[in-house]
$ cat final.txt   # compact mmCIF, C-alpha atoms (C1' of nucleotides)
# COMPACT_ATOMS: atom_id res chain seq x y z
CA MET A 1135 32.75 -79.96 -35.04
CA ARG A 1136 36.15 -80.34 -36.60
CA THR A 1137 38.89 -77.93 -35.67
CA ARG A 1138 40.24 -75.44 -38.20
CA ALA A 1139 43.57 -77.27 -38.41
CA GLU A 1140 41.83 -80.55 -39.24
CA ARG A 1141 39.76 -78.95 -41.97
CA ALA A 1142 42.91 -77.51 -43.49
CA GLY A 1143 44.73 -80.83 -43.19
CA GLU A 1144 47.56 -79.15 -41.35
CA PRO A 1145 49.83 -81.10 -39.00
CA GLU A 1146 49.20 -80.48 -35.34
CA THR A 1147 50.84 -81.64 -32.19
CA THR A 1148 47.60 -82.52 -30.40
CA VAL A 1149 44.72 -84.51 -31.81
CA GLY A 1150 41.11 -83.45 -31.54
CA THR A 1151 38.77 -85.19 -29.14
CA ARG A 1152 36.78 -86.94 -31.85
CA GLU A 1153 39.88 -88.42 -33.47
CA ARG A 1154 41.23 -89.50 -30.09
CA ILE A 1155 38.00 -91.36 -29.38
CA VAL A 1156 38.02 -93.10 -32.76
CA ARG A 1157 41.63 -94.20 -32.45
CA THR A 1158 41.09 -95.54 -28.94
CA ALA A 1159 37.93 -97.38 -29.95
CA SER A 1160 39.69 -98.92 -32.94
CA ARG A 1161 42.61 -100.14 -30.87
CA LEU A 1162 40.47 -101.54 -28.06
CA MET A 1163 37.98 -103.27 -30.31
CA GLN A 1164 40.82 -104.76 -32.35
CA ARG A 1165 42.00 -106.51 -29.20
CA GLN A 1166 38.80 -107.16 -27.29
CA GLY A 1167 36.06 -107.24 -29.89
CA TYR A 1168 32.85 -105.23 -29.99
CA ASP A 1169 31.09 -106.72 -26.99
CA GLY A 1170 34.28 -106.92 -24.97
CA THR A 1171 34.89 -103.20 -25.21
CA GLY A 1172 32.88 -100.76 -23.10
CA ILE A 1173 32.12 -97.16 -23.98
CA LYS A 1174 33.28 -96.14 -20.53
CA GLN A 1175 36.61 -97.83 -21.12
CA ILE A 1176 36.96 -96.05 -24.44
CA SER A 1177 36.13 -92.66 -22.95
CA GLN A 1178 38.56 -93.16 -20.09
CA GLU A 1179 41.50 -94.32 -22.21
CA ALA A 1180 40.81 -91.57 -24.75
CA ALA A 1181 40.80 -88.98 -21.95
CA ALA A 1182 37.33 -87.85 -22.95
CA THR A 1183 34.12 -87.74 -20.98
CA LEU A 1184 31.14 -89.92 -21.68
CA GLY A 1185 29.23 -86.80 -22.71
CA SER A 1186 31.80 -86.07 -25.41
CA VAL A 1187 31.53 -89.56 -26.81
CA TYR A 1188 27.76 -89.25 -27.25
CA HIS A 1189 28.18 -85.70 -28.53
CA PHE A 1190 30.33 -86.88 -31.44
CA PHE A 1191 28.60 -90.23 -31.90
CA PRO A 1192 24.89 -89.84 -31.16
CA GLY A 1193 24.36 -93.24 -32.74
CA GLY A 1194 26.10 -94.75 -29.72
CA LYS A 1195 28.34 -97.77 -29.70
CA GLN A 1196 27.34 -99.02 -33.15
CA GLU A 1197 28.16 -95.76 -34.88
CA LEU A 1198 31.44 -95.64 -33.00
CA ALA A 1199 32.27 -99.19 -34.09
CA VAL A 1200 31.69 -98.29 -37.74
CA GLU A 1201 34.08 -95.35 -37.45
CA ALA A 1202 36.59 -97.55 -35.62
CA ILE A 1203 36.53 -100.06 -38.46
CA ARG A 1204 36.92 -97.32 -41.08
CA HIS A 1205 39.88 -96.02 -39.14
CA GLY A 1206 41.46 -99.48 -39.08
CA ASP A 1207 40.68 -99.80 -42.77
CA ARG A 1208 42.62 -96.61 -43.66
CA GLU A 1209 45.42 -97.47 -41.25
CA PHE A 1210 46.03 -100.94 -42.68
CA ALA A 1211 45.64 -99.67 -46.26
CA GLU A 1212 48.54 -97.28 -45.66
CA LEU A 1213 50.62 -100.04 -44.11
CA LEU A 1214 49.85 -102.40 -46.97
CA THR A 1215 50.66 -99.75 -49.57
CA GLY A 1216 54.07 -99.30 -48.01
CA MET A 1217 54.72 -103.02 -47.82
CA LEU A 1218 53.70 -103.59 -51.44
CA ALA A 1219 56.11 -100.88 -52.55
CA SER A 1220 59.02 -102.66 -50.88
CA ALA A 1221 59.73 -104.73 -53.99
CA GLU A 1222 58.92 -104.46 -57.66
CA ASP A 1223 58.07 -108.13 -57.99
CA PRO A 1224 54.64 -108.73 -56.43
CA ALA A 1225 55.62 -112.20 -55.19
CA GLU A 1226 58.54 -110.75 -53.26
CA ALA A 1227 56.44 -107.87 -52.00
CA ILE A 1228 53.69 -110.14 -50.65
CA GLU A 1229 56.19 -112.38 -48.92
CA ALA A 1230 57.83 -109.33 -47.34
CA ALA A 1231 54.41 -108.10 -46.24
CA ALA A 1232 53.73 -111.39 -44.47
CA HIS A 1233 57.01 -111.11 -42.61
CA THR A 1234 56.27 -107.53 -41.61
CA LEU A 1235 52.87 -108.56 -40.26
CA ALA A 1236 54.47 -111.41 -38.34
CA GLY A 1237 56.97 -109.07 -36.74
CA GLN A 1238 54.33 -106.56 -35.70
CA LEU A 1239 52.11 -109.29 -34.32
CA ARG A 1240 54.91 -110.78 -32.27
CA GLN A 1241 55.91 -107.33 -31.05
CA SER A 1242 52.43 -106.78 -29.67
CA ASP A 1243 52.60 -110.12 -27.85
CA TRP A 1244 50.07 -111.53 -30.32
CA VAL A 1245 47.22 -109.19 -29.42
CA ASP A 1246 47.19 -106.70 -32.31
CA GLY A 1247 45.75 -108.73 -35.17
CA CYS A 1248 43.61 -107.52 -38.02
CA PRO A 1249 42.01 -104.20 -37.06
CA VAL A 1250 38.55 -105.15 -38.30
CA THR A 1251 38.13 -108.88 -37.77
CA ALA A 1252 37.50 -108.90 -34.04
CA THR A 1253 35.07 -106.00 -34.29
CA ALA A 1254 33.13 -107.49 -37.17
CA LEU A 1255 32.98 -111.10 -35.99
CA GLY A 1256 29.94 -111.79 -33.89
CA THR A 1257 28.21 -108.55 -34.79
CA ALA A 1258 27.46 -109.35 -38.43
CA ALA A 1259 24.01 -110.68 -37.70
CA ARG A 1260 23.00 -107.85 -35.37
CA ALA A 1261 24.61 -104.84 -37.03
CA PRO A 1262 24.55 -104.62 -40.83
CA ASP A 1263 26.39 -101.27 -40.72
CA ILE A 1264 29.39 -102.87 -39.07
CA GLN A 1265 29.37 -105.80 -41.47
CA ARG A 1266 29.25 -103.44 -44.44
CA ALA A 1267 32.16 -101.35 -43.17
CA ALA A 1268 34.23 -104.50 -42.68
CA ALA A 1269 33.39 -105.72 -46.19
CA GLU A 1270 34.48 -102.37 -47.60
CA ALA A 1271 37.81 -102.66 -45.79
CA PHE A 1272 38.49 -106.11 -47.21
CA ALA A 1273 37.56 -104.90 -50.69
CA ARG A 1274 39.88 -101.91 -50.45
CA TRP A 1275 42.85 -104.03 -49.36
CA ARG A 1276 42.13 -106.49 -52.12
CA GLY A 1277 42.09 -103.62 -54.60
CA LEU A 1278 45.57 -102.57 -53.52
CA VAL A 1279 46.95 -106.07 -54.11
CA GLU A 1280 45.15 -106.34 -57.43
CA ALA A 1281 46.67 -103.05 -58.62
CA LYS A 1282 50.12 -104.27 -57.69
CA LEU A 1283 49.61 -107.45 -59.72
CA ARG A 1284 48.18 -105.56 -62.68
CA ALA A 1285 51.16 -103.22 -62.65
CA ALA A 1286 53.41 -106.27 -62.87
CA GLY A 1287 51.63 -107.44 -66.00
CA PHE A 1288 49.06 -109.90 -64.68
CA ALA A 1289 45.84 -110.18 -66.64
CA GLU A 1290 42.77 -108.61 -65.08
CA GLY A 1291 41.07 -111.87 -64.15
CA ASP A 1292 44.18 -113.48 -62.69
CA ALA A 1293 45.04 -110.36 -60.73
CA GLY A 1294 41.60 -110.08 -59.18
CA ASP A 1295 41.43 -113.77 -58.30
CA LEU A 1296 44.92 -113.81 -56.82
CA ALA A 1297 44.21 -110.67 -54.81
CA HIS A 1298 41.25 -112.43 -53.21
CA THR A 1299 43.37 -115.34 -52.11
CA VAL A 1300 46.25 -113.14 -50.98
CA ILE A 1301 44.00 -111.21 -48.60
CA SER A 1302 42.19 -114.35 -47.42
CA ALA A 1303 45.43 -116.21 -46.76
CA LEU A 1304 47.05 -113.30 -44.95
CA GLU A 1305 43.94 -112.83 -42.81
CA GLY A 1306 43.78 -116.51 -41.95
CA ALA A 1307 47.49 -116.80 -41.30
CA GLU A 1308 47.40 -113.78 -39.00
CA LEU A 1309 44.49 -115.37 -37.17
CA ALA A 1310 46.30 -118.70 -36.87
CA ALA A 1311 49.47 -116.97 -35.72
CA GLN A 1312 47.54 -115.07 -33.07
CA VAL A 1313 45.78 -118.14 -31.77
CA SER A 1314 48.91 -120.30 -31.69
CA ARG A 1315 51.18 -117.45 -30.58
CA ASP A 1316 53.63 -118.47 -33.30
CA GLU A 1317 54.59 -116.68 -36.48
CA THR A 1318 54.99 -119.89 -38.49
CA PRO A 1319 51.58 -119.61 -40.21
CA LEU A 1320 52.42 -116.13 -41.52
CA ARG A 1321 55.90 -117.13 -42.65
CA LEU A 1322 54.58 -120.14 -44.56
CA ALA A 1323 51.65 -118.22 -46.02
CA GLY A 1324 54.07 -115.62 -47.37
CA ALA A 1325 56.28 -118.25 -49.00
CA HIS A 1326 53.36 -120.18 -50.45
CA LEU A 1327 51.64 -117.07 -51.78
CA ALA A 1328 54.87 -116.09 -53.54
CA GLN A 1329 55.06 -119.55 -55.05
CA LEU A 1330 51.43 -119.39 -56.14
CA ILE A 1331 51.86 -115.97 -57.75
CA ARG A 1332 54.86 -117.23 -59.70
CA ALA A 1333 52.98 -120.35 -60.76
CA VAL A 1334 50.07 -118.28 -62.10
CA ARG A 1335 52.48 -115.98 -63.91
CA ASN A 1336 54.07 -118.97 -65.66
CA THR A 1337 50.82 -120.62 -66.68
CA SER A 1338 49.46 -117.46 -68.32
CA SER A 1339 52.62 -116.52 -70.19
CA MET B 682 27.44 -137.16 -13.67
CA ARG B 683 27.19 -138.89 -17.00
CA THR B 684 24.35 -141.28 -17.69
CA ARG B 685 24.97 -144.97 -18.12
CA ALA B 686 24.15 -144.79 -21.82
CA GLU B 687 26.72 -142.05 -22.37
CA ARG B 688 29.43 -144.01 -20.58
CA ALA B 689 28.72 -147.00 -22.75
CA GLY B 690 28.71 -144.85 -25.90
CA GLU B 691 25.28 -146.14 -26.81
CA PRO B 692 22.95 -144.16 -29.02
CA GLU B 693 20.11 -142.45 -27.24
CA THR B 694 17.22 -140.34 -28.36
CA THR B 695 17.66 -137.65 -25.73
CA VAL B 696 20.89 -135.93 -24.84
CA GLY B 697 22.07 -135.30 -21.30
CA THR B 698 21.90 -131.86 -19.77
CA ARG B 699 25.64 -131.32 -19.78
CA GLU B 700 25.97 -132.15 -23.46
CA ARG B 701 22.99 -129.96 -24.29
CA ILE B 702 24.62 -127.03 -22.53
CA VAL B 703 27.94 -127.54 -24.31
CA ARG B 704 26.34 -127.78 -27.72
CA THR B 705 24.26 -124.68 -27.16
CA ALA B 706 27.23 -122.72 -25.85
CA SER B 707 29.32 -123.78 -28.84
CA ARG B 708 26.68 -122.73 -31.33
CA LEU B 709 25.95 -119.39 -29.68
CA MET B 710 29.58 -118.42 -29.16
CA GLN B 711 30.37 -119.38 -32.74
CA ARG B 712 27.87 -116.74 -33.87
CA GLN B 713 28.11 -114.10 -31.17
CA GLY B 714 31.55 -114.51 -29.65
CA TYR B 715 32.46 -114.98 -26.01
CA ASP B 716 31.42 -111.60 -24.66
CA GLY B 717 28.35 -111.45 -26.86
CA THR B 718 26.94 -114.64 -25.38
CA GLY B 719 25.37 -114.67 -21.92
CA ILE B 720 25.19 -117.63 -19.60
CA LYS B 721 21.51 -116.95 -19.10
CA GLN B 722 20.94 -117.11 -22.85
CA ILE B 723 22.81 -120.41 -22.99
CA SER B 724 20.82 -121.91 -20.14
CA GLN B 725 17.53 -120.81 -21.66
CA GLU B 726 18.23 -122.09 -25.18
CA ALA B 727 19.62 -125.33 -23.76
CA ALA B 728 16.45 -125.79 -21.68
CA ALA B 729 18.53 -125.98 -18.52
CA THR B 730 18.47 -123.90 -15.39
CA LEU B 731 21.22 -121.56 -14.30
CA GLY B 732 21.89 -123.85 -11.36
CA SER B 733 22.54 -126.77 -13.70
CA VAL B 734 25.05 -124.76 -15.70
CA TYR B 735 27.08 -123.93 -12.61
CA HIS B 736 26.66 -127.48 -11.35
CA PHE B 737 28.36 -128.91 -14.44
CA PHE B 738 30.76 -126.01 -14.96
CA PRO B 739 31.83 -124.64 -11.57
CA GLY B 740 34.55 -122.69 -13.36
CA GLY B 741 31.83 -120.52 -14.83
CA LYS B 742 31.79 -118.96 -18.26
CA GLN B 743 35.48 -119.53 -18.99
CA GLU B 744 35.32 -123.24 -18.32
CA LEU B 745 32.19 -123.46 -20.43
CA ALA B 746 33.92 -121.61 -23.29
CA VAL B 747 36.82 -124.07 -23.23
CA GLU B 748 34.40 -127.00 -23.50
CA ALA B 749 32.50 -125.20 -26.27
CA ILE B 750 35.70 -124.79 -28.27
CA ARG B 751 36.66 -128.43 -27.74
CA HIS B 752 33.21 -129.42 -28.96
CA GLY B 753 33.63 -127.28 -32.09
CA ASP B 754 37.07 -128.77 -32.53
CA ARG B 755 35.76 -132.35 -32.59
CA GLU B 756 32.78 -131.38 -34.71
CA PHE B 757 34.86 -129.71 -37.42
CA ALA B 758 37.48 -132.47 -37.30
CA GLU B 759 34.78 -134.98 -38.20
CA LEU B 760 33.49 -132.78 -40.99
CA LEU B 761 36.99 -132.25 -42.34
CA THR B 762 37.76 -135.94 -42.20
CA GLY B 763 34.73 -136.65 -44.32
CA MET B 764 35.56 -133.93 -46.81
CA LEU B 765 39.16 -135.09 -47.18
CA ALA B 766 37.96 -138.60 -47.92
CA SER B 767 35.85 -137.35 -50.84
CA ALA B 768 38.75 -137.69 -53.28
CA GLU B 769 42.00 -139.61 -53.36
CA ASP B 770 43.95 -136.66 -54.76
CA PRO B 771 44.54 -134.16 -51.92
CA ALA B 772 44.29 -131.19 -54.29
CA GLU B 773 40.83 -132.29 -55.40
CA ALA B 774 39.81 -133.06 -51.84
CA ILE B 775 40.83 -129.64 -50.52
CA GLU B 776 39.01 -127.87 -53.31
CA ALA B 777 35.91 -129.92 -52.61
CA ALA B 778 36.21 -129.07 -48.92
CA ALA B 779 36.26 -125.36 -49.72
CA HIS B 780 33.09 -125.72 -51.76
CA THR B 781 31.39 -127.67 -48.99
CA LEU B 782 32.28 -124.97 -46.47
CA ALA B 783 30.97 -122.31 -48.82
CA GLY B 784 27.68 -124.11 -49.17
CA GLN B 785 27.21 -124.56 -45.43
CA LEU B 786 28.12 -120.94 -44.78
CA ARG B 787 25.65 -119.66 -47.33
CA GLN B 788 22.99 -122.01 -45.99
CA SER B 789 23.35 -120.45 -42.53
CA ASP B 790 22.95 -116.98 -44.04
CA TRP B 791 26.65 -116.35 -43.38
CA VAL B 792 26.49 -116.64 -39.60
CA ASP B 793 27.96 -120.10 -38.93
CA GLY B 794 31.65 -119.59 -39.57
CA CYS B 795 34.55 -121.31 -37.89
CA PRO B 796 33.38 -122.78 -34.56
CA VAL B 797 36.37 -121.53 -32.59
CA THR B 798 37.45 -118.23 -34.15
CA ALA B 799 34.76 -115.98 -32.73
CA THR B 800 35.11 -117.49 -29.27
CA ALA B 801 38.88 -117.23 -29.20
CA LEU B 802 39.26 -113.78 -30.75
CA GLY B 803 39.27 -111.05 -28.16
CA THR B 804 39.71 -113.42 -25.24
CA ALA B 805 43.29 -114.53 -25.94
CA ALA B 806 44.82 -111.89 -23.71
CA ARG B 807 42.44 -112.47 -20.80
CA ALA B 808 41.94 -116.22 -20.88
CA PRO B 809 44.95 -118.43 -21.65
CA ASP B 810 42.81 -121.56 -21.30
CA ILE B 811 40.58 -120.50 -24.19
CA GLN B 812 43.55 -119.54 -26.34
CA ARG B 813 45.17 -122.91 -25.70
CA ALA B 814 42.02 -124.84 -26.60
CA ALA B 815 41.75 -122.88 -29.85
CA ALA B 816 45.40 -123.54 -30.68
CA GLU B 817 44.85 -127.25 -30.10
CA ALA B 818 41.90 -127.21 -32.50
CA PHE B 819 43.91 -125.57 -35.27
CA ALA B 820 46.73 -128.05 -34.70
CA ARG B 821 44.39 -131.01 -34.91
CA TRP B 822 42.82 -129.85 -38.17
CA ARG B 823 46.27 -129.20 -39.59
CA GLY B 824 47.28 -132.72 -38.62
CA LEU B 825 44.38 -134.15 -40.60
CA VAL B 826 45.42 -132.27 -43.74
CA GLU B 827 49.03 -133.23 -43.24
CA ALA B 828 48.13 -136.91 -42.96
CA LYS B 829 46.15 -136.68 -46.21
CA LEU B 830 49.15 -135.16 -47.99
CA ARG B 831 51.56 -137.70 -46.54
CA ALA B 832 49.30 -140.53 -47.67
CA ALA B 833 49.46 -139.09 -51.18
CA GLY B 834 53.24 -139.26 -51.16
CA PHE B 835 54.27 -135.77 -50.09
CA ALA B 836 57.49 -135.48 -48.12
CA GLU B 837 57.18 -134.80 -44.41
CA GLY B 838 58.34 -131.19 -44.57
CA ASP B 839 56.24 -130.26 -47.61
CA ALA B 840 53.15 -131.89 -46.13
CA GLY B 841 53.47 -130.05 -42.82
CA ASP B 842 54.11 -126.70 -44.47
CA LEU B 843 51.25 -127.09 -46.94
CA ALA B 844 48.90 -128.18 -44.18
CA HIS B 845 49.64 -124.94 -42.35
CA THR B 846 48.74 -122.85 -45.38
CA VAL B 847 45.69 -124.92 -46.23
CA ILE B 848 44.19 -124.33 -42.78
CA SER B 849 45.19 -120.66 -42.74
CA ALA B 850 43.76 -120.00 -46.19
CA LEU B 851 40.51 -121.84 -45.48
CA GLU B 852 40.10 -119.95 -42.20
CA GLY B 853 40.78 -116.62 -43.85
CA ALA B 854 38.58 -117.33 -46.83
CA GLU B 855 35.71 -118.36 -44.57
CA LEU B 856 36.18 -115.15 -42.63
CA ALA B 857 36.24 -113.08 -45.82
CA ALA B 858 33.19 -114.89 -47.16
CA GLN B 859 31.31 -114.25 -43.92
CA VAL B 860 32.17 -110.57 -43.85
CA SER B 861 31.39 -109.98 -47.51
CA ARG B 862 28.40 -112.35 -47.54
CA ASP B 863 29.78 -113.90 -50.72
CA GLU B 864 31.27 -117.32 -51.31
CA THR B 865 33.81 -116.09 -53.86
CA PRO B 866 36.73 -116.03 -51.38
CA LEU B 867 36.17 -119.69 -50.50
CA ARG B 868 35.78 -120.75 -54.12
CA LEU B 869 38.99 -119.02 -55.14
CA ALA B 870 40.91 -120.25 -52.11
CA GLY B 871 39.92 -123.81 -53.00
CA ALA B 872 41.09 -123.45 -56.59
CA HIS B 873 44.35 -121.74 -55.64
CA LEU B 874 45.14 -124.23 -52.89
CA ALA B 875 44.67 -127.05 -55.38
CA GLN B 876 47.00 -125.28 -57.78
CA LEU B 877 49.58 -124.73 -55.04
CA ILE B 878 49.47 -128.36 -53.93
CA ARG B 879 50.07 -129.51 -57.50
CA ALA B 880 52.89 -127.01 -57.93
CA VAL B 881 54.64 -128.31 -54.80
CA ARG B 882 54.17 -131.89 -55.96
CA ASN B 883 55.85 -131.09 -59.27
CA THR B 884 58.81 -129.26 -57.77
CA SER B 885 59.65 -132.09 -55.38
CA SER B 886 59.37 -134.94 -57.86
C1' DG C 262 31.78 -78.98 -26.32
C1' DT C 263 32.51 -80.69 -21.71
C1' DC C 264 31.19 -82.43 -17.47
C1' DT C 265 28.45 -85.01 -13.59
C1' DA C 266 24.82 -87.64 -12.12
C1' DT C 267 21.72 -91.06 -12.80
C1' DA C 268 18.05 -94.07 -14.90
C1' DC C 269 17.43 -98.60 -16.24
C1' DC C 270 18.80 -103.03 -17.41
C1' DC C 271 21.33 -107.25 -17.74
C1' DC C 272 25.69 -109.40 -16.48
C1' DG C 273 28.17 -113.40 -13.97
C1' DA C 274 27.93 -115.69 -9.92
C1' DT C 275 26.08 -117.56 -5.44
C1' DA C 276 22.89 -119.49 -1.77
C1' DG C 277 20.09 -122.73 -0.24
C1' DA C 278 15.54 -125.24 -0.56
C1' DC C 279 13.98 -129.32 -2.70
C1' DG D 906 20.78 -132.60 -10.13
C1' DT D 907 17.33 -129.06 -10.46
C1' DC D 908 15.24 -124.89 -9.36
C1' DT D 909 14.32 -119.90 -7.67
C1' DA D 910 15.72 -115.73 -5.71
C1' DT D 911 19.01 -112.47 -5.21
C1' DC D 912 23.47 -109.92 -4.74
C1' DG D 913 26.76 -106.70 -6.40
C1' DG D 914 28.50 -104.58 -10.26
C1' DG D 915 28.88 -102.85 -14.77
C1' DG D 916 26.61 -102.13 -19.20
C1' DT D 917 24.47 -98.38 -22.54
C1' DA D 918 22.34 -94.37 -22.81
C1' DT D 919 20.26 -89.85 -21.31
C1' DA D 920 19.44 -85.26 -18.83
C1' DG D 921 20.73 -81.03 -17.96
C1' DA D 922 24.09 -77.65 -15.71
C1' DC D 923 28.03 -75.10 -17.19

$ encode --input "final.txt" --output "structure tokens"
Amino acid sequence: MRTRAERAGEPETTVGTRERIVRTASRLMQRQGYDGTGIKQISQEAAATLGSVYHFFPGGKQELAVEAIRHGDREFAELLTGMLASAEDPAEAIEAAAHTLAGQLRQSDWVDGCPVTATALGTAARAPDIQRAAAEAFARWRGLVEAKLRAAGFAEGDAGDLAHTVISALEGAELAAQVSRDETPLRLAGAHLAQLIRAVRNTSS
Amino acid sequence: MRTRAERAGEPETTVGTRERIVRTASRLMQRQGYDGTGIKQISQEAAATLGSVYHFFPGGKQELAVEAIRHGDREFAELLTGMLASAEDPAEAIEAAAHTLAGQLRQSDWVDGCPVTATALGTAARAPDIQRAAAEAFARWRGLVEAKLRAAGFAEGDAGDLAHTVISALEGAELAAQVSRDETPLRLAGAHLAQLIRAVRNTSS
DNA sequence: GTCTATACCCCGATAGAC
DNA sequence: GTCTATCGGGGTATAGAC
């Protein structure tokens, strides 16, 4: 049951148990993956009992993973929205976003990558719910990039296509940066995506 | 101990136990990740006993994971070499590679993605050996792309930078295609990478 | 809603015969 | 090199008091 303050959307100093569990699950699965994260670990780090976890998530670990991915989805969507607003020119904004991601990744000692990839990878075959939630996250992020390009005057087809590649390249570059513990892939992806966006703009004008 | 035929590099109809274990581990971890794959499952599907696994890999699951990643590394390097040789123009070759990857991914019902990503993700913090093996794989693949670009006349710096983004974008697009069960991300990444390569060629000439 | 206790199973790893 | 048996621990999930 949600608290009154949560229903009203009011700010509160302490977070409800359910939200604490979701946030902890999202953070742990982002770093350790679905199978690498135990429900007991989640309950302990969230300062909740095992009974509370199954009270809020009777569907068990799978249901919790879906909520964790949705949480990461919203979280990254907010971050991306802010990054895209940092410059009017979409090429500049995307390049700035890549640099921001690189900085955050380095700051976490290369452990906090994409908040849905690690959870979704390896579970796709077993858990369609998790795969669907991850697909929705990617689609939402792509929609944000597409809107930014449309606002800058890109045609509908070009904007949608470019948004696909922007998200793919950022995902892959973050992955490569994590694996190699080096922000070079993200820096180069940002520069090349900016160049690509400008090239598409020139060909269609 | 390797068999005489293996030492001599001769073809043989049956594969040794050690190689069978490595191949099975590589395939299973590619689909299920490190924590999602059990040693017992590996030994069963490889038609080997648990004792044989620990005989060949006294370092246990971690040592086996490192060998599985190295196997996937070599395997994909061969595939990539073939794809890059499909056209003289690197832009055409990369786009063809993306289409080939899309076809293979679809053929596996979206489960056989990158052979090292799933294994490496989530274990980087715990197992430096695995992270290092994954980084070496990415570096090798990047080297192959860089050599292709250099052979086509690209300057050293441009070739290295582009190779980074080519690998990142292909990785990310394969990930996105897997998650969304749709080959669109790979198709678009191929087309955009070709466009980017041509744009860089024109700016430096 | 929260807590403890526990059922039940599979995990990685080892021992030692053959 | 191969095989079986087993150990100790942790996994998910449930039961039921409070």

$ closest_atom_pairs --input "final.txt" --of "chain A" --to "chain D" --cutoff "9 Å" --atoms "only C-alpha atoms (C1' of nucleotides)" --output "CSV"
residue,atom,partner,partner_atom,distance
A:Gly1172,CA,D:DG916,C1',7.5
A:Ile1173,CA,D:DT917,C1',7.9
A:Tyr1188,CA,D:DA918,C1',8.7
A:Gly1194,CA,D:DA918,C1',7.9
A:Lys1195,CA,D:DT917,C1',8.2

$ atom_distance --input "final.txt" --atom1 "CA of Ser885 in chain B" --atom2 "CA of Gln1329 in chain A"
13.4 Å

$ atom_distance --input "final.txt" --atom1 "CA of Thr1148 in chain A" --atom2 "CA of Glu1179 in chain A"
15.6 Å

$ interface_residues --input "final.txt" --of "chain B" --to "chain A" --cutoff "7 Å" --atoms "all atoms listed in the file" --output "number ranges by chain"
B: 712-714, 716-717, 792, 799, 802-804, 806, 812, 815-816, 842, 845-846, 849-850, 852-854, 857, 860-861, 866, 869-870, 877

$ interface_residues --input "final.txt" --of "chain A" --to "chain C" --cutoff "8 Å" --atoms "all atoms listed in the file" --output "count of residues only"
4

$ atom_distance --input "final.txt" --atom1 "CA of Leu786 in chain B" --atom2 "CA of Met764 in chain B"
15.1 Å

$ axis_aligned_box --input "final.txt" --around "range 758-770 of chain B" --padding-each-side "3 Å" --output "JSON"
{"center_x": 38.7, "center_y": -135.9, "center_z": -46.0, "size_x": 16.5, "size_y": 13.4, "size_z": 23.5}

$ residues_near_point --input "final.txt" --point "(32.3, -126.9, -51.2)" --cutoff "10 Å" --atoms "all atoms listed in the file" --output "list in words"
Met764, Ala774, Ile775, Glu776, Ala777, Ala778, Ala779, His780, Thr781, Leu782, Ala783, Gly784, Gln785, Leu786, Glu864, Leu867, Arg868 and Gly871 of chain B

$ closest_residue --input "final.txt" --among "A:Asp1207, A:Glu1153, A:Glu1201, A:Glu1280" --to "Gly1294 in chain A" --atoms "all atoms listed in the file"
A:Glu1280
